[in-house]
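Source file: protein_10.csv (CSV, C-alpha atoms and all ligand atoms)
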chain,number,residue,atom,x,y,z
D,1,MET,CA,30.8,57.6,8.6
D,2,LYS,CA,28.8,55.2,10.6
D,3,ILE,CA,26.1,53.8,8.4
D,4,ALA,CA,23.3,51.3,9.3
D,5,ILE,CA,21.8,49.5,6.3
D,6,ILE,CA,18.3,48.0,6.6
D,7,GLY,CA,17.6,45.6,3.8
D,8,THR,CA,20.6,43.4,2.7
D,9,GLY,CA,19.3,42.5,-0.8
D,10,ASN,CA,20.3,43.8,-4.2
D,11,VAL,CA,20.5,47.4,-3.2
D,12,GLY,CA,21.5,47.3,0.5
D,13,GLY,CA,24.0,44.5,-0.1
D,14,THR,CA,25.7,46.2,-3.0
D,15,LEU,CA,25.9,49.5,-1.2
D,16,ALA,CA,27.2,47.9,2.0
D,17,LYS,CA,30.1,46.2,0.1
D,18,LYS,CA,31.0,49.4,-1.7
D,19,TRP,CA,30.7,51.7,1.3
D,20,ILE,CA,32.9,49.5,3.5
D,21,LYS,CA,35.5,49.5,0.8
D,22,ALA,CA,35.3,53.4,0.8
D,23,GLY,CA,36.2,53.3,4.5
D,24,HIS,CA,32.9,53.6,6.2
D,25,THR,CA,31.7,51.7,9.3
D,26,ILE,CA,28.8,49.6,8.2
D,27,ARG,CA,26.2,47.7,10.4
D,28,LEU,CA,23.7,45.6,8.6
D,29,GLY,CA,20.3,45.7,10.4
D,30,VAL,CA,18.3,42.5,9.9
D,31,ARG,CA,15.2,40.8,11.2
D,32,ASP,CA,16.9,37.5,11.9
D,33,THR,CA,20.7,37.5,12.3
D,34,ARG,CA,20.9,33.8,11.6
D,35,ASN,CA,19.0,33.9,8.3
D,36,PHE,CA,18.9,36.9,6.0
D,37,LYS,CA,19.4,37.7,2.3
D,38,GLY,CA,23.0,37.6,1.1
D,39,MET,CA,24.4,36.4,4.5
D,40,GLU,CA,26.9,34.0,2.9
D,41,ASP,CA,28.8,36.8,1.2
D,42,PHE,CA,29.0,39.5,3.8
D,43,ALA,CA,31.4,38.0,6.3
D,44,LEU,CA,34.0,37.7,3.5
D,45,GLU,CA,33.8,41.5,3.1
D,46,GLY,CA,34.0,42.2,6.8
D,47,LEU,CA,30.3,43.0,7.2
D,48,LYS,CA,28.4,42.0,10.3
D,49,ALA,CA,24.7,41.8,10.9
D,50,TYR,CA,22.9,43.0,14.0
D,51,GLU,CA,19.3,43.3,15.3
D,52,ILE,CA,17.9,46.4,13.7
D,53,LYS,CA,17.9,48.5,16.9
D,54,ASP,CA,21.6,47.6,17.5
D,55,ALA,CA,22.5,48.5,14.0
D,56,ILE,CA,20.9,51.9,14.4
D,57,ASN,CA,22.6,52.6,17.7
D,58,GLY,CA,25.5,54.9,17.1
D,59,SER,CA,24.9,55.3,13.4
D,60,GLU,CA,24.8,58.7,11.8
D,61,VAL,CA,23.2,57.6,8.5
D,62,ILE,CA,20.5,54.9,7.9
D,63,LEU,CA,19.9,53.5,4.5
D,64,ILE,CA,16.5,51.8,4.0
D,65,ALA,CA,16.5,49.4,1.1
D,66,THR,CA,13.6,47.0,1.8
D,67,PRO,CA,10.5,46.4,-0.3
D,68,ALA,CA,8.4,49.6,-0.4
D,69,SER,CA,5.4,47.7,1.1
D,70,GLN,CA,7.4,47.4,4.3
D,71,ALA,CA,8.3,51.1,4.6
D,72,VAL,CA,6.1,51.9,7.6
D,73,GLU,CA,6.9,48.7,9.5
D,74,VAL,CA,10.6,49.1,8.9
D,75,THR,CA,10.6,52.7,9.9
D,76,ARG,CA,8.8,52.0,13.1
D,77,SER,CA,11.3,49.2,13.9
D,78,LEU,CA,14.2,51.7,13.8
D,79,GLY,CA,13.4,53.2,17.2
D,80,ASP,CA,14.7,56.7,18.0
D,81,THR,CA,16.2,58.1,14.9
D,82,SER,CA,16.4,61.8,16.1
D,83,GLY,CA,19.3,63.6,14.5
D,84,LYS,CA,20.1,60.8,12.1
D,85,ILE,CA,20.0,61.1,8.3
D,86,ILE,CA,17.8,58.5,6.6
D,87,ILE,CA,18.4,57.7,3.0
D,88,ASP,CA,15.5,56.0,1.2
D,89,SER,CA,16.3,53.9,-1.8
D,90,MET,CA,12.8,52.4,-2.1
D,91,ASN,CA,10.3,52.6,-5.0
D,92,ILE,CA,6.6,51.7,-5.1
D,93,VAL,CA,6.4,49.4,-8.1
D,94,MET,CA,3.1,48.3,-9.6
D,95,GLY,CA,1.2,49.8,-6.6
D,96,ARG,CA,3.0,47.6,-4.0
D,97,GLY,CA,3.7,50.3,-1.4
D,98,PRO,CA,2.7,51.6,2.0
D,99,LYS,CA,-1.1,52.1,2.2
D,100,GLY,CA,-2.2,55.8,1.8
D,101,TYR,CA,1.2,57.0,0.4
D,102,SER,CA,2.3,57.9,-3.2
D,103,ASN,CA,6.0,57.5,-2.2
D,104,THR,CA,8.0,55.7,0.5
D,105,SER,CA,9.8,58.8,1.8
D,106,GLU,CA,6.6,60.4,3.0
D,107,ALA,CA,5.8,57.2,4.8
D,108,ILE,CA,9.2,57.3,6.5
D,109,LEU,CA,8.8,60.9,7.5
D,110,ASP,CA,5.4,60.3,9.1
D,111,ASN,CA,6.8,57.4,11.2
D,112,THR,CA,10.2,58.7,12.4
D,113,PRO,CA,11.4,61.7,14.5
D,114,SER,CA,14.1,62.3,12.0
D,115,VAL,CA,13.5,65.3,9.7
D,116,ASP,CA,16.5,64.5,7.5
D,117,VAL,CA,15.0,62.1,4.9
D,118,VAL,CA,16.6,62.0,1.5
D,119,LYS,CA,15.5,60.0,-1.5
D,120,CYS,CA,18.6,58.7,-3.4
D,121,PHE,CA,20.0,55.5,-4.9
D,122,ASN,CA,16.5,54.6,-6.2
D,123,THR,CA,16.6,55.9,-9.8
D,124,THR,CA,18.9,53.2,-11.3
D,125,GLY,CA,19.4,49.5,-11.1
D,126,PHE,CA,21.6,47.9,-8.4
D,127,ASN,CA,23.9,46.7,-11.2
D,128,ASN,CA,24.7,50.4,-11.8
D,129,LEU,CA,25.3,51.0,-8.0
D,130,GLN,CA,27.8,48.2,-8.3
D,131,ASP,CA,29.5,49.7,-11.4
D,132,PRO,CA,28.4,53.1,-12.6
D,133,VAL,CA,31.1,53.4,-15.3
D,134,TYR,CA,30.2,53.0,-19.0
D,135,GLN,CA,33.0,53.3,-21.6
D,136,GLY,CA,35.1,55.3,-19.2
D,137,MET,CA,32.3,57.7,-18.3
D,138,SER,CA,30.5,57.7,-14.9
D,139,LEU,CA,26.7,57.9,-14.7
D,140,ASP,CA,25.0,60.6,-12.7
D,141,LEU,CA,22.7,60.1,-9.8
D,142,PHE,CA,19.8,62.1,-8.4
D,143,MET,CA,18.4,62.9,-5.0
D,144,ALA,CA,15.5,64.9,-3.4
D,145,GLY,CA,14.5,66.1,0.0
D,146,ASP,CA,14.3,69.2,2.2
D,147,SER,CA,17.3,68.2,4.2
D,148,LEU,CA,20.4,70.0,2.9
D,149,ARG,CA,22.7,68.1,5.3
D,150,GLY,CA,21.1,64.8,4.2
D,151,LYS,CA,21.6,65.7,0.5
D,152,LYS,CA,25.3,66.7,1.1
D,153,ILE,CA,25.9,63.2,2.7
D,154,ALA,CA,24.0,61.3,0.0
D,155,ALA,CA,25.9,63.1,-2.8
D,156,GLN,CA,29.2,62.3,-1.1
D,157,LEU,CA,28.2,58.6,-0.7
D,158,ALA,CA,27.2,58.5,-4.4
D,159,GLN,CA,30.5,60.0,-5.6
D,160,GLU,CA,32.5,57.7,-3.4
D,161,ILE,CA,31.2,54.7,-5.2
D,162,GLY,CA,31.9,56.1,-8.6
D,163,PHE,CA,29.0,58.2,-9.7
D,164,ASP,CA,29.9,61.5,-11.4
D,165,MET,CA,27.3,64.2,-10.3
D,166,CYS,CA,24.5,63.6,-7.8
D,167,TYR,CA,22.0,66.2,-9.0
D,168,ASP,CA,19.6,67.9,-6.5
D,169,VAL,CA,16.1,67.4,-7.9
D,170,GLY,CA,14.4,69.5,-5.2
D,171,GLY,CA,12.7,69.1,-1.8
D,172,ASN,CA,10.3,66.7,-0.2
D,173,ASP,CA,7.8,67.7,-2.9
D,174,LYS,CA,9.9,65.9,-5.4
D,175,PHE,CA,9.9,62.5,-3.7
D,176,GLU,CA,7.2,61.2,-6.0
D,177,LEU,CA,9.0,62.5,-9.1
D,178,MET,CA,12.1,60.5,-8.0
D,179,GLU,CA,10.0,57.3,-7.9
D,180,GLN,CA,8.5,58.1,-11.3
D,181,PHE,CA,12.0,58.6,-12.6
D,182,ALA,CA,12.9,55.2,-11.2
D,183,TRP,CA,9.8,53.8,-12.9
D,184,PHE,CA,11.1,55.3,-16.2
D,185,TRP,CA,14.3,53.3,-15.8
D,186,ILE,CA,12.4,50.1,-14.9
D,187,ASN,CA,10.1,50.5,-17.8
D,188,LEU,CA,13.0,50.8,-20.3
D,189,ALA,CA,14.9,47.9,-18.6
D,190,ASN,CA,12.0,45.4,-18.1
D,191,PHE,CA,9.2,46.3,-20.5
D,192,GLN,CA,10.9,47.9,-23.5
D,193,GLY,CA,13.6,45.3,-23.9
D,194,LEU,CA,16.7,47.4,-23.0
D,195,GLY,CA,17.9,45.1,-20.2
D,196,ARG,CA,19.7,46.4,-17.1
D,197,GLU,CA,23.0,47.6,-18.5
D,198,PHE,CA,22.3,51.3,-19.2
D,199,GLY,CA,22.0,54.4,-17.1
D,200,PHE,CA,21.5,58.2,-17.2
D,201,LYS,CA,23.9,61.0,-17.6
D,202,LEU,CA,23.0,64.7,-17.8
D,203,LEU,CA,24.7,66.7,-20.6
D,204,LYS,CA,25.0,70.4,-20.4
D,205,ARG,CA,26.0,73.1,-22.8
D,301,LIG,N1,16.7,46.0,-7.5
D,301,LIG,C1,17.1,47.2,-8.0
D,301,LIG,O1,17.8,47.3,-9.0
D,301,LIG,C2,16.6,48.4,-7.3
D,301,LIG,C3,17.2,49.6,-7.7
D,301,LIG,C4,16.9,50.8,-7.0
D,301,LIG,C5,15.9,50.8,-6.0
D,301,LIG,N2,15.3,49.6,-5.7
D,301,LIG,C6,14.4,49.6,-4.6
D,301,LIG,O2,15.1,49.2,-3.4
D,301,LIG,C7,14.3,48.4,-2.5
D,301,LIG,C8,15.1,47.1,-2.3
D,301,LIG,O3,15.2,46.4,-3.5
D,301,LIG,P1,16.1,45.1,-3.6
D,301,LIG,O4,16.1,44.7,-5.0
D,301,LIG,O5,17.4,45.4,-2.9
D,301,LIG,O6,15.2,44.1,-2.7
D,301,LIG,P2,15.6,42.6,-2.2
D,301,LIG,O7,16.9,42.1,-2.9
D,301,LIG,O8,14.4,41.8,-2.3
D,301,LIG,O9,16.0,42.8,-0.7
D,301,LIG,C9,15.0,43.2,0.3
D,301,LIG,C10,15.6,43.2,1.6
D,301,LIG,O10,14.7,43.8,2.5
D,301,LIG,C11,14.6,43.0,3.7
D,301,LIG,N3,13.3,43.2,4.4
D,301,LIG,C12,12.1,42.9,3.9
D,301,LIG,N4,11.2,43.2,4.7
D,301,LIG,C13,11.8,43.7,5.8
D,301,LIG,C14,11.4,44.2,7.1
D,301,LIG,N5,10.1,44.2,7.4
D,301,LIG,N6,12.3,44.6,8.0
D,301,LIG,C15,13.6,44.5,7.7
D,301,LIG,N7,14.1,44.1,6.5
D,301,LIG,C16,13.2,43.7,5.6
D,301,LIG,C17,14.9,41.6,3.2
D,301,LIG,O11,15.4,40.9,4.4
D,301,LIG,P3,15.2,39.3,4.6
D,301,LIG,O12,16.5,38.7,4.2
D,301,LIG,O13,14.9,39.2,6.1
D,301,LIG,O14,14.1,38.8,3.7
D,301,LIG,C18,16.0,41.9,2.2
D,301,LIG,O15,17.3,42.0,2.8
D,301,LIG,C19,13.0,48.2,-3.2
D,301,LIG,O16,12.1,49.2,-2.6
D,301,LIG,C20,13.2,48.5,-4.6
D,301,LIG,O17,12.1,49.0,-5.3
D,301,LIG,C21,15.7,48.4,-6.3
Would you encode the structure as structure tokens?
Amino acid sequence: MKIAIIGTGNVGGTLAKKWIKAGHTIRLGVRDTRNFKGMEDFALEGLKAYEIKDAINGSEVILIATPASQAVEVTRSLGDTSGKIIIDSMNIVMGRGPKGYSNTSEAILDNTPSVDVVKCFNTTGFNNLQDPVYQGMSLDLFMAGDSLRGKKIAAQLAQEIGFDMCYDVGGNDKFELMEQFAWFWINLANFQGLGREFGFKLLKR
């Protein structure tokens, strides 16, 4: 798959390194190709950075992993995204998000011609994206959005990096719930003293 990654920090950088190892073609889309987060590491992994529009060009999937406050600006900078799948990993934390929106995926949808926007990779820490295996058991992941083709791709990309199931939480009306679920993880990790090394798995009878 040809994947453009916008935001090369904790989440985007981790997923870029894992997806290239899984055999995908990755283009990092950055604001300044001579100075961006994580740039020292990427070359070693065979990852190259491009101007954002050049990264998008020819891609089938776009991951947006920037601060939520930048959601509208970043989406507008992508240019024509018709027919492309956009995976949104962002969360509005402590009210720092796009003005007038309760979640970042709605902000993306309002500013792109793509209708295939999926929320995924946002509900757990980047350390779990790096290594989702605990005591021999893989964590689960979760996704939401109206786009069935988008969710099929997101689930595949989650399983390729070691997650067990990627559960479908519902349509676009569940975008906000996905961010609340992320906040649940963040609360336990940062404010209830659990630290980052834990994750969620759904058990069924
Ligand atoms: N950290 C986690 O464990 C985690 C887990 C799940 C979801 N999330 C969510 O994922 C998102 C990214 O988190 P992170 O921890 O990866 O952030 P981060 O490490 O701070 O990285 C942010 C990236 O976004 C880029 N960026 C900022 N503004 C931009 C713009 N206007 N256009 C293009 N690129 C821009 C930065 O590029 P420069 O190098 O140019 O500054 C940087 O590469 C956040 O919304 C966060 O809530 C985080």
Expected selection as a ChimeraX atom specification for ligand LIG 301 (chain D) within 7 Å, only C-alpha atoms and all ligand atoms: /D:6-12,30-32,35-37,65-68,70,73-74,89-93,121-127
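Atom CA of Val133 of chain D is positioned 10.2 Å from atom CA of Ile161 of chain D.
You will find atom CA of Gly46 of chain D at 12.4 Å from atom CA of Gly13 of chain D.
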List the residues sitting within 6 Å of (20.8, 62.4, -11.2) in the file's frame, using only C-alpha atoms, as a count of residues only. 5
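The protein and nucleic acid residues lying at most 10 Å from Arg34 of chain D are Met39, Ala49 and Tyr50 of chain D, with only C-alpha atoms considered and sequence neighbours fewer than 5 positions away removed.
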So how far away is atom CA of Glu60 of chain D from atom CA of Lys18 of chain D, in Å?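 Atom CA of Glu60 of chain D lies at a distance of 17.5 Å from atom CA of Lys18 of chain D.
Comparing the minimum interatomic distances between Ile186 of chain D and each of D:Leu129, D:Met143, D:Ala71, D:Met94, counting all atoms listed in the file, we find that D:Met94 sits nearest.
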Taking every listed atom of segment 127-136 of chain D and adding 5 Å to each side, what centre and edge lengths in Å (one decimal) does the axis-aligned box have, as lines of an AutoDock Vina configuration file?
center_x = 29.5
center_y = 51.0
center_z = -14.8
size_x = 21.2
size_y = 18.6
size_z = 23.6
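Minimum atom-to-atom distances from D:Gly145, D:Gly29, D:Gly193, D:Gly38 to Asp116 of chain D were compared using only C-alpha atoms, and the lowest value belongs to D:Gly145.
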Proximity to Asp164 of chain D - best of D:Asp131, D:Glu176, D:Asp146, D:Asp110, only C-alpha atoms: D:Asp131
Residue among D:Gly150, D:Gly79, D:Gly195, D:Gly100 lying closest to Val118 of chain D, counting all atoms listed in the file: D:Gly150
List the neighbours of Val169 of chain D out to 10 Å using all atoms listed in the file; skip same-chain residues closer than 4 positions along the sequence, and give me the result as a compact mmCIF listing (two decimals) with C-alpha atoms, in the coordinates of the input.
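Saved the output as result12.txt:
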# COMPACT_ATOMS: atom_id res chain seq x y z
CA LYS D 119 15.50 60.00 -1.50
CA PHE D 142 19.80 62.10 -8.40
CA MET D 143 18.40 62.90 -5.00
CA ALA D 144 15.50 64.90 -3.40
CA GLY D 145 14.50 66.10 0.00
CA ASP D 173 7.80 67.70 -2.90
CA LYS D 174 9.90 65.90 -5.40
CA PHE D 175 9.90 62.50 -3.70
CA LEU D 177 9.00 62.50 -9.10
CA MET D 178 12.10 60.50 -8.00
